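Chemist: The structure under discussion is supplied below as structure tokens; questions concerning it will follow.
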Amino acid sequence: MNKETENLRKEIVRISGVNPVKCMRCGKCSATCPAYDEMEYHPHQFVYMVESGDIEPLLNSKSLYQCLTCFACVDRCPRGVEPAKLVEAVRLAAVRKQGANHLKADDIPALLDEDLPQQAIVSAFRKYSK
Amino acid sequence: MQRIGVFVCWCGSNIAGTVDVQAVSEALKNEPGVVFSTNYQYMCSQAGQDIIKNAIKEHKLTGMVVCSCSPRMHEATFRKTAAAAGLNSYMVEIANIREQCSWVHKDMQIGTEKAIILGKAAIAKVNLNAPLVPGESPVTKRALVIGGGIAGIQTALDIAEAGFPVDIVETKPTIGGKMAQLDKTFPTLDCAACILTPKMVDVAQNENIRIFSYSEVTEVKGFVGNFDVKIKKKARYVKEDVCTGCGLCTEKCPQKKVPNEFNLGMDNRRAIYIPFAQAVPKVATIDPNACNMLKNGKCGVCAKVCAAGAIDYKQQDEIIEEKYGAIVAATGFNPISMDKFDEYAYNQSKDVITSLEFERLTNAAGPSAGKLIRPSDGKHPHTIVFVQCVGSRCAACAEKGKEYCSKICCMYTAKHAMLTRDKYPDTEVYVFYIDVRTPGKNFDEFYRRAVEEYGVHYIKGMVGKVAPEGDKLMVQASDLLANKQLHIAADLVVLAAAIEPDKSARPLATMLTASMDTNDFFTEAHPKLRPVESPTAGIFLSGACQGPKDIPETVSQASAAAAKVIGLLCKDKLTGNPCVAHSNELMCNGCSSCERVCPYGAITYIDKEFRMPDRTTRVRRVASVNPAVCQGCGACTVACPSGAMDLNGFASKQIMAEVDAICK
Amino acid sequence: MKVTYFPGCTLRTKAKDLDMYARRCAEKLGVTLEEPKDWQCCGGVFTTARDEIATKLSSVRALKAAKDKEQMLVTVCSACHNVIKQTNHAMQTDADFAFRVNNYLGEDEAYHGETKVLHYLELLRDVVGFDKVKEAVVNSLAGKKIAAYYGCLLLRPSNVMKMDDSENPSIIEDLIRAIGADPVVYPYRNECCGGYIALENPESAKAKSSKVTKSAAGHGAELIVTACPLCKYNLEKNGSEIPVVYFTELLAEALGVKEEDNE
């Protein structure tokens, strides 16, 4: 792992508080994930790829924005790894960069319908933009 | 003043490589009490021991220090050497200059300096040593085996075969344990009943074995060779010696709706019951929580139909007191509750079952007479999903699962999958696994047969959710090698539940003062070298109460425990450890601190008369140590606030002398 | 009895019903809901990032306000409840986080998660008691088959939410029983509806939501109840065969306070 990757890995571990080494690679997170089919990299891959420093593909993946933060993987993981927190940390590592917001205010009007609760917009901003 | 000899060992280059042994023996020559000091290549060799023996005689030594390896290694050797030359064994001290010095230092100067200090400490201690003579105690030549599963059965049979009487205490109405519930056994697939029930009959017929079924141990006192045990024989409301086991009462009893625990609640039994056809003892038992006669005096059918007149509604619990020389814990295991894993819907669907329930469903004597059916509707299942590691290797939350591998699940799941495919070729069988762990003779071959010959689909991945929809169980799972999420419409889901020690083990361990690990498995005296003994003398371990085990391993360990018991019971007398605690009665204030910390129950309080300076007498409560029970751990000596408690051979002043010598 | 009540942004706009019925039922059951002054939106979702404090400050302010009044903090929106309970948990267990938050807020007295956070359902179960609710029922809903939809926010992460068994919950079913109706248990009641993904990827939300509603209807439910505006939106938007209502509306009906005039 080069220095830059190592730093990125440390940053993600720090933000998430998740220790990917605890993973025993059972795959229960990916078995549980309701957004599995929309993801290119699946929850167990997030854990493994962060652990091994293969983070660049994750940063550029649409998978980051498919996680529903439903915490099913967090609850069912037998090792207490909490994959959703790791996914969130990688997403933050991506969107915290200047100009890298995934969702922009200008995009919103086109996405709205009149029944959509405010909660959805607020939540999406929290998750997708900084 | 002692006359002390110092013997510095080189241990080849093990010590001499980093410690200047010549300098050590020279330096120690001038210590107080030392009259002789030398060094030699291998002190433990015959030649080395001769040097020691000659020196003891020639220099009239009253004490000696060997600077060598750990006392765990050769203390016993050098004690024997001393005794052979007429020196009391307990006048020998070992300065460990190998494990704690030469092996951990690289620098000769530092190593030598430390070796000298360690030698000085040992010399300071020997100066205060006094000869000790171990006591002796007799041995009651009878063993107690707690638990009547295959572990307890094998241990009892082996001990009985050697000619010693054995009692088995079993909480259930019959012996046989978990093995009696199984269908076939891996890796040879012989039927469990066919190999177990003859052993159960052997137990029943062996003149040296008594079975206390439907009984439990309530009190254990005493020590190795001399245990006093109370056993509660619970009232079964049936005279055991009169009942013929004909079973008529169990057919006529009108209370038909009692969940049958032997079939894990998958069918019902009567209020009066015999757990299974081959039960030993083959005696009926009345369940007091279900029997109308016992609850409200309205019934009495069983007494009317019993030709032998064995029913006794007035029967009381009975306490049996017996003496034993050795006790074997064989309390076994249980699958954990699936309540905390309801993502697999165990509490939401009857068709999600545990592996032990699967055993009953495929057992010819089980609730479905061996026909594999769905418990919900009795239909034949076509798609069956097995989930491994449910609650095993689970470190997320202590209330949920177990951190350890339950060890037996990979093999029994392979067995279940294989037998299902063998008997019902129209089934599709999936096994979800994290790792397949099949070390053991013919074990991996067995698992591979399930895959290669029987076409079981082994999928590396885990099940995340089981959703009962209609009459199907929608299984959502990961296939890690295909990198896919799978959705399988299953008819039956079988969970390989983690196993845990029986709940009776923890209170029993307290009674036995036997140590346990955080998972409530009994701890062995040494994980490699003394695997079937508890650290508490006279307590032995058999089967899964010590850790997860399959049947072959359990039987091996059961026989090993029996061998240890036989070795103990063969002796007429036991030599004790003289390094035990004793209380200075004049200083003891009777506070009970020592009694509370003693893990072995060796300390009691007695009322004793003391003469006062004014010639009156006064009765005071003082601590008294039973030297045969005391293991010399020293906990009491630090707990004692008045300094009355001390340990022979490790007296506080000896320890302080060592510390002083090191700090000087 | 008075409790601090955090309504949340959506309950002021698209989910007025959820709020209105909650207030009426509480009054009927002897609980007064008091809004803290100047509350702000909770943010909708809890950010799990340990280094973020700004996104959690509004929750801490509401929690602190409840503490100052020595009251518990009650929420009825699943999302608000989830965010506030997780924030409170972080204030209790993450000393570094709590230090930075307290530093920023600069209040005289530091806050360390002292406030008890309850969802309205927990208030009914643990404070009022379902027995009391049962006694207060005037229009029994006997015979109505109702499916509870928990979604993810009420139950997870279970070690923080501690509301119920996250895989086999019963709190809403028990409430349904208390008002005389028959709960319908179905397996997807604790699976996600898709949540905020509805904004960007409505197809994804549709797949998840329709799985839930189909399962509930398939198990014989006539009605689904939920505590979350976004769940309600997703389930309805994606073609639920059966109506989806807030549990407070159903409760109001049972307690006879549904038809009261507004204000």
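Starting from 1 in every chain, residues are counted up; chains themselves are A, B, ... following the order of the structure tokens, and ligands are numbered from 1 as listed.
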Give me, as a list in words, the contact residues of chain A against chain C at a cut-off of 6 Å, counting only C-alpha atoms.
Modeler: Ile15, Ser16, Cys70, Phe71, Asp75, Lys85, Pro117, Gln118, Gln119, Ala120, Val122, Ser123 and Ala124 of chain A
Chemist: Using only C-alpha atoms, I'd like every residue of chain A that has an atom within 7 Å of chain B; please write them out as a list in words.
Modeler: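 Taking only C-alpha atoms into account, Cys26, Gly27, Lys28, Ser30, Ala31, Thr32, Tyr36, Cys77, Pro78, Arg79 and Gly80 of chain A sit within 7 Å of chain B.
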Chemist: Select residues of chain B: the criterion is any atom within 10 Å of an atom of chain C, counting only C-alpha atoms; output as an MDAnalysis selection string.
Modeler: chainID B and resid 339:348 397 465:470 473:474
Chemist: With N, CA, C and O atoms kept, could you save the residues just selected as a short mmCIF file (atom, residue, chain, number, x, y, z; two decimals), in the first residue's frame?
Modeler:
data_model
loop_
_atom_site.label_atom_id
_atom_site.label_comp_id
_atom_site.auth_asym_id
_atom_site.auth_seq_id
_atom_site.Cartn_x
_atom_site.Cartn_y
_atom_site.Cartn_z
N ASP B 339 -33.84 -17.47 19.55
CA ASP B 339 -34.67 -16.27 19.72
C ASP B 339 -34.01 -14.99 19.20
O ASP B 339 -34.68 -14.10 18.71
N LYS B 340 -32.69 -14.91 19.34
CA LYS B 340 -32.00 -13.68 18.95
C LYS B 340 -31.59 -13.69 17.48
O LYS B 340 -30.84 -12.83 17.04
N PHE B 341 -32.00 -14.70 16.75
CA PHE B 341 -31.61 -14.79 15.34
C PHE B 341 -32.85 -14.90 14.46
O PHE B 341 -32.92 -15.73 13.57
N ASP B 342 -33.83 -14.04 14.76
CA ASP B 342 -35.08 -14.23 14.04
C ASP B 342 -35.07 -13.69 12.62
O ASP B 342 -36.08 -13.75 11.93
N GLU B 343 -33.91 -13.18 12.16
CA GLU B 343 -33.80 -12.92 10.72
C GLU B 343 -33.98 -14.24 9.96
O GLU B 343 -34.34 -14.25 8.80
N TYR B 344 -33.74 -15.37 10.66
CA TYR B 344 -33.97 -16.67 10.03
C TYR B 344 -35.38 -17.19 10.30
O TYR B 344 -35.71 -18.31 9.95
N ALA B 345 -36.18 -16.37 11.01
CA ALA B 345 -37.62 -16.64 11.18
C ALA B 345 -37.93 -17.92 11.94
O ALA B 345 -38.99 -18.52 11.76
N TYR B 346 -37.02 -18.34 12.82
CA TYR B 346 -37.27 -19.56 13.58
C TYR B 346 -38.56 -19.45 14.39
O TYR B 346 -39.32 -20.41 14.49
N ASN B 347 -38.81 -18.27 14.95
CA ASN B 347 -40.03 -18.09 15.75
C ASN B 347 -41.24 -17.69 14.90
O ASN B 347 -42.31 -17.47 15.43
N GLN B 348 -41.02 -17.54 13.60
CA GLN B 348 -42.12 -17.10 12.74
C GLN B 348 -42.62 -18.20 11.82
O GLN B 348 -43.66 -18.06 11.19
N CYS B 397 -22.09 -9.54 19.76
CA CYS B 397 -22.83 -9.24 20.97
C CYS B 397 -22.92 -10.50 21.82
O CYS B 397 -23.34 -11.55 21.33
N LYS B 465 -31.64 -13.41 5.38
CA LYS B 465 -33.03 -13.28 5.79
C LYS B 465 -33.82 -14.45 5.27
O LYS B 465 -33.61 -14.90 4.15
N VAL B 466 -34.71 -14.95 6.12
CA VAL B 466 -35.67 -15.97 5.69
C VAL B 466 -37.05 -15.36 5.85
O VAL B 466 -37.42 -14.95 6.94
N ALA B 467 -37.78 -15.29 4.75
CA ALA B 467 -39.10 -14.66 4.79
C ALA B 467 -40.18 -15.70 4.47
O ALA B 467 -40.24 -16.19 3.35
N PRO B 468 -41.01 -16.03 5.45
CA PRO B 468 -42.09 -16.97 5.17
C PRO B 468 -43.17 -16.28 4.32
O PRO B 468 -43.80 -15.34 4.76
N GLU B 469 -43.32 -16.73 3.09
CA GLU B 469 -44.33 -16.15 2.18
C GLU B 469 -45.15 -17.29 1.61
O GLU B 469 -44.60 -18.18 0.95
N GLY B 470 -46.44 -17.29 1.85
CA GLY B 470 -47.27 -18.39 1.40
C GLY B 470 -46.79 -19.67 2.06
O GLY B 470 -46.52 -19.69 3.26
N LEU B 473 -40.49 -20.58 2.02
CA LEU B 473 -39.59 -19.75 2.82
C LEU B 473 -38.64 -19.08 1.83
O LEU B 473 -37.84 -19.75 1.18
N MET B 474 -38.79 -17.76 1.70
CA MET B 474 -37.93 -17.05 0.76
C MET B 474 -36.59 -16.79 1.43
O MET B 474 -36.49 -16.02 2.37
#
Chemist: Excluding segment 60-67 of chain B and any residue of its chain fewer than 2 positions from it, enumerate the residues within 9 Å of it, using only C-alpha atoms, and give them as a ChimeraX atom specification.
Modeler: /B:2-10,34-36,39,43,52,55-58,69,75,78,82,87-88,90-98,115,118-119,122-123,126-127,129
Chemist: Taking the DSSP secondary structure from the backbone, can you list the residues of segment 47-79 of chain A that are alpha helix (DSSP H), as a PyMOL selection string?
Modeler: chain A and resi 47-52+56-59+72-76
Chemist: Set the distance at 8 Å and use only C-alpha atoms: which residues neighbour Lys64 of chain C once local chain neighbours fewer than 3 positions away are removed? I'd like the list as a CSV table (one decimal) with C-alpha atoms, in the first residue's frame.
Modeler:
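Just written: out07.csv:
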chain,number,residue,atom,x,y,z
C,60,VAL,CA,-28.4,17.9,20.9
C,61,ARG,CA,-30.2,21.3,21.4
C,67,LYS,CA,-33.0,18.1,30.1
C,68,ASP,CA,-33.5,21.7,31.3
C,111,TYR,CA,-24.7,17.7,28.0
C,115,THR,CA,-32.3,12.9,28.5
Chemist: One decimal, Å: what's the distance from atom CA of Val328 of chain B over to atom CA of Gly152 of chain B, could you say?
Modeler: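 Separating atom CA of Val328 of chain B from atom CA of Gly152 of chain B is a distance of 7.9 Å.
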Chemist: Would you mind telling me which residue in A:Ala35, A:Leu103, A:Ile121, A:Leu59 lies nearest to Ala84 of chain A when using only C-alpha atoms?
Modeler: A:Ala35
Chemist: Would you mind listing what lies within 7 Å of Lys134 of chain C as a ChimeraX atom specification, with only C-alpha atoms counted and same-chain residues fewer than 3 positions away left out?
Modeler: /C:130-131,137,178-179
Chemist: Can you write out the residues you just picked, keeping N, CA, C and O atoms, as an mmCIF file, in the first residue's frame?
Modeler:
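Output (selection_30.cif):
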data_model
loop_
_atom_site.group_PDB
_atom_site.id
_atom_site.type_symbol
_atom_site.label_atom_id
_atom_site.label_comp_id
_atom_site.auth_asym_id
_atom_site.auth_seq_id
_atom_site.Cartn_x
_atom_site.Cartn_y
_atom_site.Cartn_z
ATOM 1 N N PHE C 130 -50.155 -0.156 27.468
ATOM 2 C CA PHE C 130 -51.156 -0.574 26.491
ATOM 3 C C PHE C 130 -52.494 -0.927 27.152
ATOM 4 O O PHE C 130 -53.552 -0.832 26.540
ATOM 5 N N ASP C 131 -52.434 -1.314 28.426
ATOM 6 C CA ASP C 131 -53.686 -1.595 29.157
ATOM 7 C C ASP C 131 -54.537 -0.342 29.237
ATOM 8 O O ASP C 131 -55.755 -0.384 29.024
ATOM 9 N N VAL C 137 -60.241 2.978 24.685
ATOM 10 C CA VAL C 137 -60.813 2.773 23.348
ATOM 11 C C VAL C 137 -62.336 2.959 23.383
ATOM 12 O O VAL C 137 -63.004 2.392 24.244
ATOM 13 N N ALA C 178 -54.331 -3.765 21.277
ATOM 14 C CA ALA C 178 -54.923 -2.933 22.330
ATOM 15 C C ALA C 178 -56.146 -2.165 21.819
ATOM 16 O O ALA C 178 -57.085 -1.925 22.567
ATOM 17 N N ILE C 179 -56.139 -1.809 20.535
ATOM 18 C CA ILE C 179 -57.293 -1.078 20.012
ATOM 19 C C ILE C 179 -58.302 -2.025 19.373
ATOM 20 O O ILE C 179 -59.204 -1.600 18.672
#
Chemist: Show which residues sit within 8 Å of Ser78 of chain C, as a list in words. Count only C-alpha atoms, and ignore same-chain residues fewer than 3 positions away.
Modeler: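 After dropping sequence-adjacent residues, the list is Thr75, His81, Asn82, His119, Leu153, Leu154, Ala227 and Cys228 of chain C.
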Chemist: Restricted to C-alpha atoms, what would the selected residues look like written as a PDB file, in the first residue's frame?
Modeler:
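Generated output (result-v6.pdb):
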ATOM      1  CA  THR C  75     -40.831  11.959  18.887  1.00  0.00           C
ATOM      2  CA  HIS C  81     -36.513   9.463  16.572  1.00  0.00           C
ATOM      3  CA  ASN C  82     -33.697   7.546  14.959  1.00  0.00           C
ATOM      4  CA  HIS C 119     -40.660   7.121  20.499  1.00  0.00           C
ATOM      5  CA  LEU C 153     -35.488   3.458  11.352  1.00  0.00           C
ATOM      6  CA  LEU C 154     -37.619   2.371  14.303  1.00  0.00           C
ATOM      7  CA  ALA C 227     -44.827   5.874  11.860  1.00  0.00           C
ATOM      8  CA  CYS C 228     -42.710   7.373   9.092  1.00  0.00           C
TER       9      CYS C 228
END
Chemist: Which residues are near Asp444 of chain B? Cut-off 10 Å, only C-alpha atoms, ignore same chain within fewer than 6 positions. Put them as an mmCIF file with all heavy atoms, in the first residue's frame.
Modeler:
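Output below, filename part.cif:
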data_model
loop_
_atom_site.group_PDB
_atom_site.id
_atom_site.type_symbol
_atom_site.label_atom_id
_atom_site.label_comp_id
_atom_site.auth_asym_id
_atom_site.auth_seq_id
_atom_site.Cartn_x
_atom_site.Cartn_y
_atom_site.Cartn_z
ATOM 1 N N PRO B 187 -18.395 -40.229 10.896
ATOM 2 C CA PRO B 187 -18.403 -40.241 9.429
ATOM 3 C C PRO B 187 -18.808 -41.597 8.868
ATOM 4 O O PRO B 187 -18.778 -41.787 7.654
ATOM 5 C CB PRO B 187 -16.941 -39.938 9.089
ATOM 6 C CG PRO B 187 -16.171 -40.605 10.187
ATOM 7 C CD PRO B 187 -17.033 -40.522 11.421
ATOM 8 N N CYS B 410 -20.263 -28.497 10.902
ATOM 9 C CA CYS B 410 -19.890 -28.760 9.512
ATOM 10 C C CYS B 410 -20.121 -30.217 9.174
ATOM 11 O O CYS B 410 -20.634 -30.547 8.104
ATOM 12 C CB CYS B 410 -18.418 -28.397 9.275
ATOM 13 S SG CYS B 410 -18.154 -26.632 9.144
ATOM 14 N N MET B 411 -19.762 -31.087 10.114
ATOM 15 C CA MET B 411 -19.890 -32.520 9.836
ATOM 16 C C MET B 411 -21.337 -32.986 9.888
ATOM 17 O O MET B 411 -21.782 -33.734 9.026
ATOM 18 C CB MET B 411 -19.012 -33.317 10.804
ATOM 19 C CG MET B 411 -17.549 -33.328 10.416
ATOM 20 S SD MET B 411 -17.245 -34.049 8.788
ATOM 21 C CE MET B 411 -17.391 -35.791 9.146
ATOM 22 N N ALA B 414 -23.130 -31.794 6.777
ATOM 23 C CA ALA B 414 -22.772 -32.616 5.611
ATOM 24 C C ALA B 414 -23.535 -33.934 5.669
ATOM 25 O O ALA B 414 -24.040 -34.428 4.651
ATOM 26 C CB ALA B 414 -21.261 -32.864 5.596
ATOM 27 N N VAL B 436 -15.696 -24.467 5.493
ATOM 28 C CA VAL B 436 -16.035 -25.839 5.860
ATOM 29 C C VAL B 436 -14.872 -26.365 6.690
ATOM 30 O O VAL B 436 -13.743 -26.433 6.218
ATOM 31 C CB VAL B 436 -16.270 -26.719 4.620
ATOM 32 C CG1 VAL B 436 -16.544 -28.157 5.047
ATOM 33 C CG2 VAL B 436 -17.439 -26.189 3.817
ATOM 34 N N ARG B 437 -15.158 -26.695 7.928
ATOM 35 C CA ARG B 437 -14.086 -27.126 8.839
ATOM 36 C C ARG B 437 -14.275 -28.595 9.162
ATOM 37 O O ARG B 437 -15.111 -28.968 9.959
ATOM 38 C CB ARG B 437 -14.142 -26.287 10.109
ATOM 39 C CG ARG B 437 -13.818 -24.841 9.807
ATOM 40 C CD ARG B 437 -13.910 -23.974 11.035
ATOM 41 N NE ARG B 437 -13.295 -22.692 10.757
ATOM 42 C CZ ARG B 437 -13.276 -21.679 11.597
ATOM 43 N NH1 ARG B 437 -13.837 -21.792 12.779
ATOM 44 N NH2 ARG B 437 -12.691 -20.541 11.284
ATOM 45 N N THR B 438 -13.470 -29.425 8.483
ATOM 46 C CA THR B 438 -13.652 -30.856 8.652
ATOM 47 C C THR B 438 -12.330 -31.570 8.912
ATOM 48 O O THR B 438 -11.988 -32.533 8.220
ATOM 49 C CB THR B 438 -14.304 -31.458 7.388
ATOM 50 O OG1 THR B 438 -13.579 -30.988 6.247
ATOM 51 C CG2 THR B 438 -15.748 -31.071 7.261
ATOM 52 N N ALA B 450 -20.494 -35.693 0.044
ATOM 53 C CA ALA B 450 -21.788 -35.003 -0.016
ATOM 54 C C ALA B 450 -21.862 -34.159 -1.273
ATOM 55 O O ALA B 450 -22.887 -34.103 -1.948
ATOM 56 C CB ALA B 450 -21.970 -34.138 1.228
#
Chemist: Considering only strand (DSSP E) as DSSP defines it on the backbone, what residues of segment 33-240 of chain C qualify? List them as a PyMOL selection string.
Modeler: chain C and resi 33-34+73-75+117-119+145-148+182-184+223-226
Chemist: What is the distance, in Å and to one decimal place, between atom CA of Met1 of chain B and atom CA of Pro131 of chain B?
Modeler: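 Taking atom CA of Met1 of chain B and atom CA of Pro131 of chain B, their separation equals 14.0 Å.
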